[in-house]
Amino acid sequence: MKKELITLNINGDDHEIAVLPWHTLNEVLRDQLHLTGTKLGCGTGDCGACTVLIDGKSVSSCLTLAIEAEGVKITTIEGLAPEAIAAGDLESCELDPIQESFINKGAIQCGFCSPGMIMSSKFLLSHTPKPTEAEIRAGLSGNLCRCTGYNKIVDAIADAAEKINGA
Ligand code: FES
Ligand code: FES
């Protein structure tokens, strides 16, 4: 089957990409554009490791066809700290406040779930700037972590909310 040329707006830049109709957004991000911060876990919408933002809302990139993502704004974890990514230096460049809180609160162990957790948190804090603990846990209900036991992640999001919105 012939590939179709589509344009995806990712982290503010347009990318022209040849895709087959069944290619997922996750495949395009990771395999074609090498934006491997977005992970692939289950591939069935259950783990949240592949979460990105589409027009500001969290979605599973493993369940989104690339051709469905034309004409929208896609944000990946790389888009939260573009200068650090460009410089290859996460220590001295500015990170998103949620990323900083994940680091400062020890909310990352193996790190596989972290990009998806952070993107879901970004969406949560965009519509609920001062979330309760229950709201944070509900906001993360689509994201699985095998390492941390979740408490430090919840603390990190509460810390980020306080930094951003004075919660
Ligand atoms: S990889 Fe998409 S939800 Fe698990
Ligand atoms: S830190 Fe390992 S899966 Fe969450």
# chains A, B, ... in the order shown; residues from 1 in each chain; ligands from 1
>>> residues_near_ligand(ligand="ligand 1", cutoff="12 Å", atoms="only C-alpha atoms and all ligand atoms", output="JSON, numbers by chain")
{"A": [24, 25, 26, 27, 30, 38, 39, 40, 41, 42, 43, 44, 45, 46, 47, 48, 49, 50, 51, 52, 58, 59, 60, 61, 62, 63, 64, 65, 112, 113, 115, 116, 117, 120, 141, 142, 143, 144, 145]}
>>> write_last_selection(atoms="C-alpha atoms", output="PDB file, in the first residue's frame")
ATOM      1  CA  THR A  24       0.124   4.964  15.245  1.00  0.00           C
ATOM      2  CA  LEU A  25       1.248   8.340  16.511  1.00  0.00           C
ATOM      3  CA  ASN A  26       3.511   6.450  18.922  1.00  0.00           C
ATOM      4  CA  GLU A  27       5.276   4.658  16.057  1.00  0.00           C
ATOM      5  CA  ARG A  30       9.486   7.023  18.277  1.00  0.00           C
ATOM      6  CA  THR A  38       7.348   8.976  24.738  1.00  0.00           C
ATOM      7  CA  LYS A  39       7.407   5.320  25.748  1.00  0.00           C
ATOM      8  CA  LEU A  40       5.620   2.267  24.405  1.00  0.00           C
ATOM      9  CA  GLY A  41       4.437  -0.088  27.130  1.00  0.00           C
ATOM     10  CA  CYS A  42       1.293  -2.144  26.656  1.00  0.00           C
ATOM     11  CA  GLY A  43       0.269  -0.799  23.260  1.00  0.00           C
ATOM     12  CA  THR A  44      -3.365  -1.306  24.254  1.00  0.00           C
ATOM     13  CA  GLY A  45      -4.273   1.861  26.169  1.00  0.00           C
ATOM     14  CA  ASP A  46      -3.789   0.408  29.644  1.00  0.00           C
ATOM     15  CA  CYS A  47      -0.492   1.739  31.031  1.00  0.00           C
ATOM     16  CA  GLY A  48      -0.231   5.426  30.098  1.00  0.00           C
ATOM     17  CA  ALA A  49       3.484   5.226  29.265  1.00  0.00           C
ATOM     18  CA  CYS A  50       2.770   6.602  25.795  1.00  0.00           C
ATOM     19  CA  THR A  51       0.806   9.678  26.958  1.00  0.00           C
ATOM     20  CA  VAL A  52       1.182  12.875  24.932  1.00  0.00           C
ATOM     21  CA  SER A  58      -3.723  13.840  27.469  1.00  0.00           C
ATOM     22  CA  VAL A  59      -4.128  10.949  25.019  1.00  0.00           C
ATOM     23  CA  SER A  60      -2.566   7.543  24.518  1.00  0.00           C
ATOM     24  CA  SER A  61      -0.336   7.817  21.476  1.00  0.00           C
ATOM     25  CA  CYS A  62      -0.462   4.027  21.059  1.00  0.00           C
ATOM     26  CA  LEU A  63      -4.201   4.252  20.350  1.00  0.00           C
ATOM     27  CA  THR A  64      -4.044   7.318  18.112  1.00  0.00           C
ATOM     28  CA  LEU A  65      -3.502   6.885  14.401  1.00  0.00           C
ATOM     29  CA  PHE A 112       9.803   4.260  32.291  1.00  0.00           C
ATOM     30  CA  CYS A 113       6.446   5.643  33.449  1.00  0.00           C
ATOM     31  CA  PRO A 115       7.150  10.864  30.778  1.00  0.00           C
ATOM     32  CA  GLY A 116       3.567   9.612  30.672  1.00  0.00           C
ATOM     33  CA  MET A 117       3.006  10.548  34.316  1.00  0.00           C
ATOM     34  CA  SER A 120      -0.906  13.418  32.455  1.00  0.00           C
ATOM     35  CA  SER A 141      -5.592   6.656  37.137  1.00  0.00           C
ATOM     36  CA  GLY A 142      -4.604   5.848  33.542  1.00  0.00           C
ATOM     37  CA  ASN A 143      -0.876   5.708  34.330  1.00  0.00           C
ATOM     38  CA  LEU A 144       0.777   2.652  35.837  1.00  0.00           C
ATOM     39  CA  CYS A 145       4.030   2.645  37.801  1.00  0.00           C
TER      40      CYS A 145
END
>>> residues_around(residues="Ile67 in chain A", least_positions_apart="4", cutoff="9 Å", atoms="only C-alpha atoms", output="list in words")
Glu4, Ile6, Thr7, Leu8, Val19, Leu20, Pro21, Trp22, His23, Thr24 and Leu25 of chain A
>>> write_last_selection(atoms="C-alpha atoms", output="tab-separated table (two decimals), in the first residue's frame")
chain	number	residue	atom	x	y	z
A	4	GLU	CA	0.41	9.01	2.55
A	6	ILE	CA	0.95	14.04	6.29
A	7	THR	CA	2.09	17.04	8.31
A	8	LEU	CA	2.17	16.78	12.09
A	19	VAL	CA	2.78	7.04	6.90
A	20	LEU	CA	0.63	4.00	6.27
A	21	PRO	CA	-3.00	4.24	7.43
A	22	TRP	CA	-2.38	1.93	10.39
A	23	HIS	CA	0.73	3.68	11.73
A	24	THR	CA	0.12	4.96	15.24
A	25	LEU	CA	1.25	8.34	16.51
>>> closest_residue(among="A:His34, A:His127, A:Lys3, A:Lys152", to="ligand 2", atoms="only C-alpha atoms and all ligand atoms")
A:Lys152
>>> atom_distance(atom1="CA of Thr148 in chain A", atom2="CA of Glu83 in chain A")
28.2 Å
>>> residues_around(residues="range 129-137 of chain A", least_positions_apart="5", cutoff="10 Å", atoms="only C-alpha atoms", output="number ranges by chain")
A: 120-124, 142-143, 150-151, 153-155, 157-158, 160-162, 164-167
>>> write_last_selection(atoms="N, CA, C and O atoms", output="PDB file, in the first residue's frame")
ATOM      1  N   SER A 120       0.425  13.473  31.835  1.00  0.00           N
ATOM      2  CA  SER A 120      -0.906  13.418  32.455  1.00  0.00           C
ATOM      3  C   SER A 120      -1.031  14.496  33.527  1.00  0.00           C
ATOM      4  O   SER A 120      -2.090  15.118  33.688  1.00  0.00           O
ATOM      5  N   SER A 121       0.056  14.721  34.276  1.00  0.00           N
ATOM      6  CA  SER A 121       0.045  15.763  35.314  1.00  0.00           C
ATOM      7  C   SER A 121      -0.112  17.142  34.695  1.00  0.00           C
ATOM      8  O   SER A 121      -0.800  18.014  35.241  1.00  0.00           O
ATOM      9  N   LYS A 122       0.535  17.319  33.569  1.00  0.00           N
ATOM     10  CA  LYS A 122       0.442  18.612  32.855  1.00  0.00           C
ATOM     11  C   LYS A 122      -1.025  18.890  32.516  1.00  0.00           C
ATOM     12  O   LYS A 122      -1.517  19.996  32.714  1.00  0.00           O
ATOM     13  N   PHE A 123      -1.707  17.878  32.001  1.00  0.00           N
ATOM     14  CA  PHE A 123      -3.131  18.049  31.662  1.00  0.00           C
ATOM     15  C   PHE A 123      -3.932  18.299  32.935  1.00  0.00           C
ATOM     16  O   PHE A 123      -4.761  19.216  32.999  1.00  0.00           O
ATOM     17  N   LEU A 124      -3.668  17.526  33.971  1.00  0.00           N
ATOM     18  CA  LEU A 124      -4.402  17.677  35.237  1.00  0.00           C
ATOM     19  C   LEU A 124      -4.289  19.110  35.757  1.00  0.00           C
ATOM     20  O   LEU A 124      -5.295  19.752  36.089  1.00  0.00           O
ATOM     21  N   GLY A 142      -4.938   6.562  34.786  1.00  0.00           N
ATOM     22  CA  GLY A 142      -4.604   5.848  33.542  1.00  0.00           C
ATOM     23  C   GLY A 142      -3.125   5.564  33.389  1.00  0.00           C
ATOM     24  O   GLY A 142      -2.697   5.071  32.345  1.00  0.00           O
ATOM     25  N   ASN A 143      -2.336   5.888  34.423  1.00  0.00           N
ATOM     26  CA  ASN A 143      -0.876   5.708  34.330  1.00  0.00           C
ATOM     27  C   ASN A 143      -0.401   4.702  35.374  1.00  0.00           C
ATOM     28  O   ASN A 143      -0.632   4.896  36.573  1.00  0.00           O
ATOM     29  N   TYR A 150       3.579   5.072  43.969  1.00  0.00           N
ATOM     30  CA  TYR A 150       2.739   6.242  43.654  1.00  0.00           C
ATOM     31  C   TYR A 150       2.838   7.402  44.649  1.00  0.00           C
ATOM     32  O   TYR A 150       2.614   8.548  44.259  1.00  0.00           O
ATOM     33  N   ASN A 151       3.143   7.147  45.921  1.00  0.00           N
ATOM     34  CA  ASN A 151       3.049   8.250  46.892  1.00  0.00           C
ATOM     35  C   ASN A 151       3.978   9.415  46.547  1.00  0.00           C
ATOM     36  O   ASN A 151       3.604  10.586  46.661  1.00  0.00           O
ATOM     37  N   ILE A 153       5.049  10.214  43.629  1.00  0.00           N
ATOM     38  CA  ILE A 153       4.539  10.879  42.424  1.00  0.00           C
ATOM     39  C   ILE A 153       3.431  11.860  42.812  1.00  0.00           C
ATOM     40  O   ILE A 153       3.394  13.001  42.344  1.00  0.00           O
ATOM     41  N   VAL A 154       2.541  11.403  43.699  1.00  0.00           N
ATOM     42  CA  VAL A 154       1.457  12.284  44.169  1.00  0.00           C
ATOM     43  C   VAL A 154       2.068  13.511  44.875  1.00  0.00           C
ATOM     44  O   VAL A 154       1.658  14.656  44.633  1.00  0.00           O
ATOM     45  N   ASP A 155       3.081  13.287  45.716  1.00  0.00           N
ATOM     46  CA  ASP A 155       3.753  14.409  46.405  1.00  0.00           C
ATOM     47  C   ASP A 155       4.361  15.377  45.392  1.00  0.00           C
ATOM     48  O   ASP A 155       4.304  16.596  45.566  1.00  0.00           O
ATOM     49  N   ILE A 157       3.448  15.989  42.320  1.00  0.00           N
ATOM     50  CA  ILE A 157       2.439  16.784  41.606  1.00  0.00           C
ATOM     51  C   ILE A 157       1.867  17.860  42.527  1.00  0.00           C
ATOM     52  O   ILE A 157       1.653  19.007  42.105  1.00  0.00           O
ATOM     53  N   ALA A 158       1.665  17.528  43.800  1.00  0.00           N
ATOM     54  CA  ALA A 158       1.197  18.544  44.758  1.00  0.00           C
ATOM     55  C   ALA A 158       2.232  19.651  44.888  1.00  0.00           C
ATOM     56  O   ALA A 158       1.889  20.855  44.936  1.00  0.00           O
ATOM     57  N   ALA A 160       4.427  20.559  42.571  1.00  0.00           N
ATOM     58  CA  ALA A 160       4.425  21.334  41.331  1.00  0.00           C
ATOM     59  C   ALA A 160       3.228  22.285  41.320  1.00  0.00           C
ATOM     60  O   ALA A 160       3.365  23.453  40.925  1.00  0.00           O
ATOM     61  N   ALA A 161       2.075  21.806  41.789  1.00  0.00           N
ATOM     62  CA  ALA A 161       0.883  22.668  41.806  1.00  0.00           C
ATOM     63  C   ALA A 161       1.124  23.875  42.699  1.00  0.00           C
ATOM     64  O   ALA A 161       0.755  25.010  42.363  1.00  0.00           O
ATOM     65  N   GLU A 162       1.791  23.647  43.821  1.00  0.00           N
ATOM     66  CA  GLU A 162       2.079  24.755  44.746  1.00  0.00           C
ATOM     67  C   GLU A 162       3.034  25.747  44.106  1.00  0.00           C
ATOM     68  O   GLU A 162       2.861  26.962  44.205  1.00  0.00           O
ATOM     69  N   ILE A 164       3.486  26.267  40.877  1.00  0.00           N
ATOM     70  CA  ILE A 164       2.894  26.930  39.701  1.00  0.00           C
ATOM     71  C   ILE A 164       1.744  27.841  40.117  1.00  0.00           C
ATOM     72  O   ILE A 164       1.633  28.965  39.659  1.00  0.00           O
ATOM     73  N   ASN A 165       0.903  27.327  40.988  1.00  0.00           N
ATOM     74  CA  ASN A 165      -0.367  28.022  41.259  1.00  0.00           C
ATOM     75  C   ASN A 165      -0.555  28.437  42.716  1.00  0.00           C
ATOM     76  O   ASN A 165      -1.619  28.925  43.064  1.00  0.00           O
ATOM     77  N   GLY A 166       0.456  28.183  43.540  1.00  0.00           N
ATOM     78  CA  GLY A 166       0.315  28.536  44.946  1.00  0.00           C
ATOM     79  C   GLY A 166      -0.792  27.766  45.634  1.00  0.00           C
ATOM     80  O   GLY A 166      -1.549  28.321  46.416  1.00  0.00           O
ATOM     81  N   ALA A 167      -0.891  26.472  45.285  1.00  0.00           N
ATOM     82  CA  ALA A 167      -1.989  25.655  45.841  1.00  0.00           C
ATOM     83  C   ALA A 167      -1.835  25.508  47.336  1.00  0.00           C
ATOM     84  O   ALA A 167      -0.734  25.539  47.868  1.00  0.00           O
TER      85      ALA A 167
END
>>> select_by_dssp(residues="range 10-155 of chain A", states="strand (DSSP E)", output="list of chain:residue names")
A:Ile10, A:Asp13, A:Asp14, A:His15, A:Glu16, A:Ile17, A:Ala18, A:Val19, A:Thr51, A:Val52, A:Leu53, A:Ile54, A:Lys57, A:Ser58, A:Val59, A:Ser60, A:Lys73, A:Ile74, A:Thr75
>>> write_last_selection(atoms="N, CA and C atoms", output="PDB file, in the first residue's frame")
ATOM      1  N   ILE A  10       4.409  19.071  15.973  1.00  0.00           N
ATOM      2  CA  ILE A  10       4.889  18.453  17.213  1.00  0.00           C
ATOM      3  C   ILE A  10       5.814  19.432  17.932  1.00  0.00           C
ATOM      4  N   ASP A  13       6.734  22.526  15.961  1.00  0.00           N
ATOM      5  CA  ASP A  13       7.336  22.429  14.629  1.00  0.00           C
ATOM      6  C   ASP A  13       6.519  21.500  13.741  1.00  0.00           C
ATOM      7  N   ASP A  14       6.403  21.872  12.455  1.00  0.00           N
ATOM      8  CA  ASP A  14       5.726  20.992  11.498  1.00  0.00           C
ATOM      9  C   ASP A  14       6.699  19.941  10.961  1.00  0.00           C
ATOM     10  N   HIS A  15       6.219  18.707  10.883  1.00  0.00           N
ATOM     11  CA  HIS A  15       7.029  17.608  10.331  1.00  0.00           C
ATOM     12  C   HIS A  15       6.220  16.937   9.229  1.00  0.00           C
ATOM     13  N   GLU A  16       6.810  16.837   8.035  1.00  0.00           N
ATOM     14  CA  GLU A  16       6.149  16.125   6.945  1.00  0.00           C
ATOM     15  C   GLU A  16       6.615  14.673   6.979  1.00  0.00           C
ATOM     16  N   ILE A  17       5.654  13.766   7.047  1.00  0.00           N
ATOM     17  CA  ILE A  17       6.007  12.362   7.293  1.00  0.00           C
ATOM     18  C   ILE A  17       5.172  11.475   6.382  1.00  0.00           C
ATOM     19  N   ALA A  18       5.798  10.421   5.844  1.00  0.00           N
ATOM     20  CA  ALA A  18       5.064   9.439   5.037  1.00  0.00           C
ATOM     21  C   ALA A  18       4.610   8.308   5.959  1.00  0.00           C
ATOM     22  N   VAL A  19       3.301   8.067   5.980  1.00  0.00           N
ATOM     23  CA  VAL A  19       2.776   7.037   6.895  1.00  0.00           C
ATOM     24  C   VAL A  19       1.807   6.111   6.171  1.00  0.00           C
ATOM     25  N   THR A  51       1.666   8.479  26.922  1.00  0.00           N
ATOM     26  CA  THR A  51       0.806   9.678  26.958  1.00  0.00           C
ATOM     27  C   THR A  51       1.503  10.898  26.345  1.00  0.00           C
ATOM     28  N   VAL A  52       0.761  11.577  25.470  1.00  0.00           N
ATOM     29  CA  VAL A  52       1.182  12.875  24.932  1.00  0.00           C
ATOM     30  C   VAL A  52      -0.016  13.812  25.080  1.00  0.00           C
ATOM     31  N   LEU A  53       0.203  15.083  24.790  1.00  0.00           N
ATOM     32  CA  LEU A  53      -0.917  16.031  24.784  1.00  0.00           C
ATOM     33  C   LEU A  53      -1.309  16.326  23.345  1.00  0.00           C
ATOM     34  N   ILE A  54      -2.607  16.296  23.093  1.00  0.00           N
ATOM     35  CA  ILE A  54      -3.137  16.741  21.805  1.00  0.00           C
ATOM     36  C   ILE A  54      -4.070  17.903  22.094  1.00  0.00           C
ATOM     37  N   LYS A  57      -4.822  18.143  25.716  1.00  0.00           N
ATOM     38  CA  LYS A  57      -5.458  17.044  26.454  1.00  0.00           C
ATOM     39  C   LYS A  57      -4.603  15.792  26.379  1.00  0.00           C
ATOM     40  N   SER A  58      -4.557  15.043  27.472  1.00  0.00           N
ATOM     41  CA  SER A  58      -3.723  13.840  27.469  1.00  0.00           C
ATOM     42  C   SER A  58      -4.408  12.726  26.668  1.00  0.00           C
ATOM     43  N   VAL A  59      -3.618  12.078  25.817  1.00  0.00           N
ATOM     44  CA  VAL A  59      -4.128  10.949  25.019  1.00  0.00           C
ATOM     45  C   VAL A  59      -3.060   9.862  24.974  1.00  0.00           C
ATOM     46  N   SER A  60      -3.502   8.659  24.702  1.00  0.00           N
ATOM     47  CA  SER A  60      -2.566   7.543  24.518  1.00  0.00           C
ATOM     48  C   SER A  60      -2.105   7.539  23.057  1.00  0.00           C
ATOM     49  N   LYS A  73      -2.300  20.229  17.666  1.00  0.00           N
ATOM     50  CA  LYS A  73      -0.987  20.501  18.261  1.00  0.00           C
ATOM     51  C   LYS A  73      -0.619  19.358  19.193  1.00  0.00           C
ATOM     52  N   ILE A  74       0.493  18.704  18.868  1.00  0.00           N
ATOM     53  CA  ILE A  74       0.950  17.556  19.658  1.00  0.00           C
ATOM     54  C   ILE A  74       2.110  18.026  20.539  1.00  0.00           C
ATOM     55  N   THR A  75       2.032  17.694  21.810  1.00  0.00           N
ATOM     56  CA  THR A  75       3.156  18.009  22.710  1.00  0.00           C
ATOM     57  C   THR A  75       3.659  16.713  23.321  1.00  0.00           C
TER      58      THR A  75
END
>>> residues_around(residues="Ser101 in chain A", least_positions_apart="2", cutoff="9 Å", atoms="only C-alpha atoms", output="MDAnalysis selection string")
chainID A and resid 96:99 103:107 153 155:160 163
>>> select_by_dssp(residues="range 9-157 of chain A", states="helix (DSSP H, G or I)", output="ChimeraX atom specification")
/A:25-32,61-63,66-69,77-80,82-87,97-104,114-127,133-139,151-157
>>> write_last_selection(atoms="C-alpha atoms", output="CSV table (one decimal), in the first residue's frame")
chain,number,residue,atom,x,y,z
A,25,LEU,CA,1.2,8.3,16.5
A,26,ASN,CA,3.5,6.5,18.9
A,27,GLU,CA,5.3,4.7,16.1
A,28,VAL,CA,5.8,7.9,14.2
A,29,LEU,CA,7.1,9.8,17.2
A,30,ARG,CA,9.5,7.0,18.3
A,31,ASP,CA,10.5,5.3,15.1
A,32,GLN,CA,10.4,8.1,12.5
A,61,SER,CA,-0.3,7.8,21.5
A,62,CYS,CA,-0.5,4.0,21.1
A,63,LEU,CA,-4.2,4.3,20.3
A,66,ALA,CA,-0.9,9.2,13.0
A,67,ILE,CA,-3.3,10.3,10.2
A,68,GLU,CA,-5.8,11.4,12.9
A,69,ALA,CA,-3.3,13.7,14.4
A,77,ILE,CA,7.8,15.2,26.9
A,78,GLU,CA,10.6,16.7,24.8
A,79,GLY,CA,8.4,19.8,24.3
A,80,LEU,CA,8.4,20.6,28.0
A,82,PRO,CA,13.2,22.2,24.6
A,83,GLU,CA,16.4,24.1,25.6
A,84,ALA,CA,17.6,21.2,27.8
A,85,ILE,CA,16.9,18.7,25.0
A,86,ALA,CA,18.7,20.9,22.4
A,87,ALA,CA,21.7,21.4,24.6
A,97,PRO,CA,8.2,22.7,37.1
A,98,ILE,CA,6.5,19.3,37.1
A,99,GLN,CA,9.8,17.7,35.9
A,100,GLU,CA,11.7,19.5,38.7
A,101,SER,CA,9.2,18.4,41.3
A,102,PHE,CA,9.5,14.7,40.1
A,103,ILE,CA,13.3,15.0,40.5
A,104,ASN,CA,13.2,16.9,43.8
A,114,SER,CA,7.7,9.2,34.2
A,115,PRO,CA,7.1,10.9,30.8
A,116,GLY,CA,3.6,9.6,30.7
A,117,MET,CA,3.0,10.5,34.3
A,118,ILE,CA,4.4,14.0,33.7
A,119,MET,CA,2.2,14.6,30.6
A,120,SER,CA,-0.9,13.4,32.5
A,121,SER,CA,0.0,15.8,35.3
A,122,LYS,CA,0.4,18.6,32.9
A,123,PHE,CA,-3.1,18.0,31.7
A,124,LEU,CA,-4.4,17.7,35.2
A,125,LEU,CA,-2.9,21.0,36.4
A,126,SER,CA,-4.1,22.8,33.3
A,127,HIS,CA,-7.8,22.1,34.3
A,133,GLU,CA,-4.8,14.3,46.7
A,134,ALA,CA,-7.9,12.5,45.5
A,135,GLU,CA,-8.0,14.5,42.3
A,136,ILE,CA,-4.3,13.9,41.7
A,137,ARG,CA,-4.8,10.1,42.1
A,138,ALA,CA,-7.8,10.3,39.8
A,139,GLY,CA,-5.8,12.3,37.3
A,151,ASN,CA,3.0,8.3,46.9
A,152,LYS,CA,6.1,10.2,45.8
A,153,ILE,CA,4.5,10.9,42.4
A,154,VAL,CA,1.5,12.3,44.2
A,155,ASP,CA,3.8,14.4,46.4
A,156,ALA,CA,5.6,15.7,43.3
A,157,ILE,CA,2.4,16.8,41.6
>>> atom_distance(atom1="CA of Thr36 in chain A", atom2="CA of Cys110 in chain A")
15.3 Å
>>> atom_distance(atom1="atom 1 (S, counted along the ligand's line) of ligand 2", atom2="CA of Asp55 in chain A")
26.5 Å
